[in-house]
Amino acid sequence: MKRLLLVLFTLFCWSGLFGQASDELPTELKEKLIVATKEAPPFSFKNENDEWVGITIELWEAVAGNLGLRYEYVEYDLADALDAVSKGKADVGAAAISVTADRAKQMDFTHTYYGSALAIATNYQKNDLWTVISQRVFTWTFFRAIFILMLVLLIAGALVWLFERKHNPDHFGGRPLHGLGAAFWWSAVTMTTVGYGDKAPTTAGGRFIGLVWMFTSIIIISGLTGAIATALTVGSLTPRVKGPRDLRNVRVGAIQESVADDYLQSIGVTPQYFNSVREGLQAVSDDSIGAFVHDNAILGYWAGKDFSGSVDVLQNTFEPSYLALAMPIGHHELRPIDIALLEYVQTPAWDALLEKYRAAQ
């Protein structure tokens, strides 16, 4: 009996020592987390030193540093990164990963840290002159402007006629309709600076009205010339896609299993898939496709960096989305990482990070 108690006591002591030792393992011996990421500037990308940087990467590194976590990055494409996280092959997904209902069924997410939306990148098509004229000139707005101009010409002419009809009958006399017609002709000739000289006021009042009308005409003609030139120039280059409704009428690109892919499928559009945003924008620039749909911030980054002047990102965004870190369901580090993330995004360092990558919300 004494021998049995001695054996049990010895086992108890050893178990306590080993338990204490395992709890006090130094940080460098703890488990190294696998962080799945991908190229998605400005959230995650490699710099010139082949180091991972970006909003999400630096957010993760701040969280990991706060918790003393060891990790290594493994690069995937989007579909493989999500698959690795959902199957537990990766401990964290750190890129531009949006939270969706379908993804939430397969993995857990931390609190969201960035709100974004989908946007459309497209190019411009050049219209022929007659198309521009029909679209810009023969419109209700154009004819309304002509009507207002005629009314202004008539008012200017009528004022001159009131002063000149009795004192200058050779130019503005006769029956009222004839005199007003002559005055209208004079105001039109004066405004267009043609200056035939066949009609001219002679009274002090008429000449004063004429002087005012000359300066007014300069302003009107300058404004009309600029407006017409702008309308014809802008009208000759129009975006192939003006909004989500036009996506059914052109070839559209997206990244497979992205939020944009889900959206396009939901509206009955089957996109052409590309491996990266840059490849998709290159296809838009080459006119291989009419539009590429992706996250607004990422499209803006690449379009401004490599496709300025050849690709335009439309300002009207749609389908709001929220980015978060992805983790396997029930991962033991989820809660501490979530708390550390929330603490970090409430500090000035987070605002500075967004400003660094020009992504301030």
# chains A, B, ... in the order shown; residues from 1 in each chain; ligands from 1
call {"tool": "select_by_dssp", "arguments": {"residues": "stretch 216-325 of chain A", "states": "helix (DSSP H, G or I)", "output": "PyMOL selection string"}}
result
chain A and resi 216-236+244-249+259-266+277-285+296-306
call {"tool": "select_by_dssp", "arguments": {"residues": "stretch 31-161 of chain A", "states": "strand (DSSP E)", "output": "PyMOL selection string"}}
result
chain A and resi 32-37+45-46+52-53+70-75+92-93+108-109+114-122+124-126
call {"tool": "write_last_selection", "arguments": {"atoms": "N, CA and C atoms", "output": "compact mmCIF listing (two decimals), in the first residue's frame"}}
result
# COMPACT_ATOMS: atom_id res chain seq x y z
N LYS A 32 3.34 28.22 -34.69
CA LYS A 32 3.43 29.28 -35.69
C LYS A 32 2.15 29.25 -36.54
N LEU A 33 1.46 30.37 -36.62
CA LEU A 33 0.22 30.46 -37.38
C LEU A 33 0.51 30.62 -38.86
N ILE A 34 -0.30 29.99 -39.69
CA ILE A 34 -0.20 30.15 -41.13
C ILE A 34 -1.19 31.23 -41.55
N VAL A 35 -0.68 32.28 -42.17
CA VAL A 35 -1.52 33.40 -42.61
C VAL A 35 -1.64 33.36 -44.13
N ALA A 36 -2.84 33.07 -44.61
CA ALA A 36 -3.10 33.03 -46.05
C ALA A 36 -3.35 34.45 -46.55
N THR A 37 -2.64 34.84 -47.60
CA THR A 37 -2.83 36.18 -48.15
C THR A 37 -2.70 36.14 -49.66
N PHE A 45 0.03 43.39 -50.44
CA PHE A 45 0.85 43.25 -51.64
C PHE A 45 2.33 43.25 -51.23
N LYS A 46 3.18 42.85 -52.14
CA LYS A 46 4.61 42.81 -51.87
C LYS A 46 5.27 44.09 -52.37
N TRP A 52 5.66 41.58 -47.56
CA TRP A 52 4.23 41.84 -47.58
C TRP A 52 3.92 43.12 -46.81
N VAL A 53 3.17 44.01 -47.44
CA VAL A 53 2.75 45.27 -46.82
C VAL A 53 1.31 45.53 -47.20
N ARG A 70 3.37 34.09 -33.31
CA ARG A 70 4.32 33.80 -34.38
C ARG A 70 3.53 33.37 -35.60
N TYR A 71 4.00 33.75 -36.79
CA TYR A 71 3.22 33.46 -38.00
C TYR A 71 4.15 33.47 -39.21
N GLU A 72 3.63 32.94 -40.29
CA GLU A 72 4.31 33.03 -41.58
C GLU A 72 3.25 33.20 -42.67
N TYR A 73 3.58 33.97 -43.70
CA TYR A 73 2.65 34.22 -44.79
C TYR A 73 2.78 33.14 -45.85
N VAL A 74 1.63 32.72 -46.37
CA VAL A 74 1.58 31.79 -47.50
C VAL A 74 0.67 32.41 -48.54
N GLU A 75 1.17 32.56 -49.75
CA GLU A 75 0.41 33.24 -50.80
C GLU A 75 -0.50 32.25 -51.54
N VAL A 92 -5.29 32.03 -40.46
CA VAL A 92 -5.82 33.38 -40.67
C VAL A 92 -5.81 33.69 -42.15
N GLY A 93 -6.87 34.33 -42.60
CA GLY A 93 -6.91 34.87 -43.96
C GLY A 93 -6.79 36.37 -43.86
N ASP A 108 -15.09 31.48 -39.72
CA ASP A 108 -15.40 32.59 -38.81
C ASP A 108 -14.69 33.86 -39.28
N PHE A 109 -15.21 34.99 -38.81
CA PHE A 109 -14.61 36.27 -39.15
C PHE A 109 -14.42 37.09 -37.88
N TYR A 114 -12.95 47.50 -42.27
CA TYR A 114 -12.98 48.45 -43.39
C TYR A 114 -14.25 48.24 -44.20
N GLY A 115 -14.95 49.34 -44.48
CA GLY A 115 -16.15 49.28 -45.30
C GLY A 115 -15.86 49.72 -46.71
N SER A 116 -16.27 48.93 -47.68
CA SER A 116 -16.03 49.26 -49.07
C SER A 116 -17.28 48.96 -49.89
N ALA A 117 -17.13 48.88 -51.20
CA ALA A 117 -18.25 48.58 -52.09
C ALA A 117 -17.69 48.18 -53.43
N LEU A 118 -18.54 47.62 -54.26
CA LEU A 118 -18.13 47.26 -55.61
C LEU A 118 -18.14 48.50 -56.50
N ALA A 119 -17.29 48.47 -57.50
CA ALA A 119 -17.24 49.54 -58.48
C ALA A 119 -16.97 48.93 -59.85
N ILE A 120 -17.13 49.73 -60.88
CA ILE A 120 -16.95 49.27 -62.26
C ILE A 120 -15.81 50.03 -62.91
N ALA A 121 -14.87 49.30 -63.48
CA ALA A 121 -13.82 49.90 -64.29
C ALA A 121 -14.17 49.68 -65.75
N THR A 122 -14.12 50.73 -66.54
CA THR A 122 -14.48 50.63 -67.95
C THR A 122 -13.57 51.53 -68.77
N TYR A 124 -13.39 54.04 -72.64
CA TYR A 124 -14.21 54.98 -73.39
C TYR A 124 -14.32 54.55 -74.84
N GLN A 125 -15.47 54.84 -75.42
CA GLN A 125 -15.65 54.59 -76.84
C GLN A 125 -15.80 55.94 -77.55
N LYS A 126 -15.19 56.05 -78.73
CA LYS A 126 -15.22 57.29 -79.49
C LYS A 126 -16.40 57.26 -80.45
call {"tool": "closest_residue", "arguments": {"among": "A:Ile209, A:Ala81, A:Leu177, A:Met150", "to": "A:Lys38", "atoms": "only C-alpha atoms"}}
result
A:Ala81
call {"tool": "closest_residue", "arguments": {"among": "A:Asp262, A:Phe43, A:Pro271, A:Arg248", "to": "A:Leu299", "atoms": "only C-alpha atoms"}}
result
A:Phe43
call {"tool": "residues_around", "arguments": {"residues": "A:Val252", "least_positions_apart": "3", "cutoff": "7 Å", "atoms": "only C-alpha atoms", "output": "JSON, numbers by chain"}}
result
{"A": [247, 271, 272, 289, 290, 291, 292]}
call {"tool": "residues_around", "arguments": {"residues": "A:Gln346", "least_positions_apart": "6", "cutoff": "12 Å", "atoms": "only C-alpha atoms", "output": "list of chain:residue names"}}
result
A:Leu59, A:Tyr113, A:Ile339, A:Ala340, A:Ala352, A:Leu353
call {"tool": "write_last_selection", "arguments": {"atoms": "N, CA, C and O atoms", "output": "PDB file, in the first residue's frame"}}
result
ATOM      1  N   LEU A  59      -2.203  45.812 -40.271  1.00  0.00           N
ATOM      2  CA  LEU A  59      -3.180  45.614 -39.192  1.00  0.00           C
ATOM      3  C   LEU A  59      -2.920  44.281 -38.496  1.00  0.00           C
ATOM      4  O   LEU A  59      -2.867  44.202 -37.261  1.00  0.00           O
ATOM      5  N   TYR A 113     -13.155  45.663 -40.245  1.00  0.00           N
ATOM      6  CA  TYR A 113     -12.254  46.794 -40.028  1.00  0.00           C
ATOM      7  C   TYR A 113     -12.295  47.829 -41.155  1.00  0.00           C
ATOM      8  O   TYR A 113     -11.746  48.921 -41.022  1.00  0.00           O
ATOM      9  N   ILE A 339     -10.428  40.891 -30.182  1.00  0.00           N
ATOM     10  CA  ILE A 339     -10.320  41.972 -29.197  1.00  0.00           C
ATOM     11  C   ILE A 339      -9.146  42.888 -29.528  1.00  0.00           C
ATOM     12  O   ILE A 339      -9.264  44.118 -29.490  1.00  0.00           O
ATOM     13  N   ALA A 340      -7.998  42.288 -29.876  1.00  0.00           N
ATOM     14  CA  ALA A 340      -6.823  43.089 -30.212  1.00  0.00           C
ATOM     15  C   ALA A 340      -7.066  43.938 -31.457  1.00  0.00           C
ATOM     16  O   ALA A 340      -6.617  45.084 -31.541  1.00  0.00           O
ATOM     17  N   ALA A 352      -3.732  56.717 -39.111  1.00  0.00           N
ATOM     18  CA  ALA A 352      -2.484  57.001 -39.822  1.00  0.00           C
ATOM     19  C   ALA A 352      -2.218  55.938 -40.889  1.00  0.00           C
ATOM     20  O   ALA A 352      -1.716  56.246 -41.979  1.00  0.00           O
ATOM     21  N   LEU A 353      -2.558  54.689 -40.589  1.00  0.00           N
ATOM     22  CA  LEU A 353      -2.354  53.600 -41.546  1.00  0.00           C
ATOM     23  C   LEU A 353      -3.232  53.791 -42.778  1.00  0.00           C
ATOM     24  O   LEU A 353      -2.777  53.633 -43.920  1.00  0.00           O
TER      25      LEU A 353
END
call {"tool": "residues_around", "arguments": {"residues": "stretch 155-158 of chain A", "least_positions_apart": "3", "cutoff": "9 Å", "atoms": "only C-alpha atoms", "output": "MDAnalysis selection string"}}
result
chainID A and resid 150:152 161:163 179:188 209:210 213
call {"tool": "closest_residue", "arguments": {"among": "A:Ala297, A:Ile220, A:Ala101, A:Ile337", "to": "A:Asn66", "atoms": "only C-alpha atoms"}}
result
A:Ile337
call {"tool": "residues_around", "arguments": {"residues": "stretch 275-287 of chain A", "least_positions_apart": "6", "cutoff": "12 Å", "atoms": "only C-alpha atoms", "output": "number ranges by chain"}}
result
A: 38-42, 45, 76-80, 120-125, 239-241, 250-258, 260, 293-313
call {"tool": "atom_distance", "arguments": {"atom1": "atom CA of A:Thr100", "atom2": "atom CA of A:Glu58"}}
result
23.1 Å
call {"tool": "closest_residue", "arguments": {"among": "A:Gly243, A:Ser217, A:Ala96, A:Thr203", "to": "A:Gln315", "atoms": "only C-alpha atoms"}}
result
A:Gly243
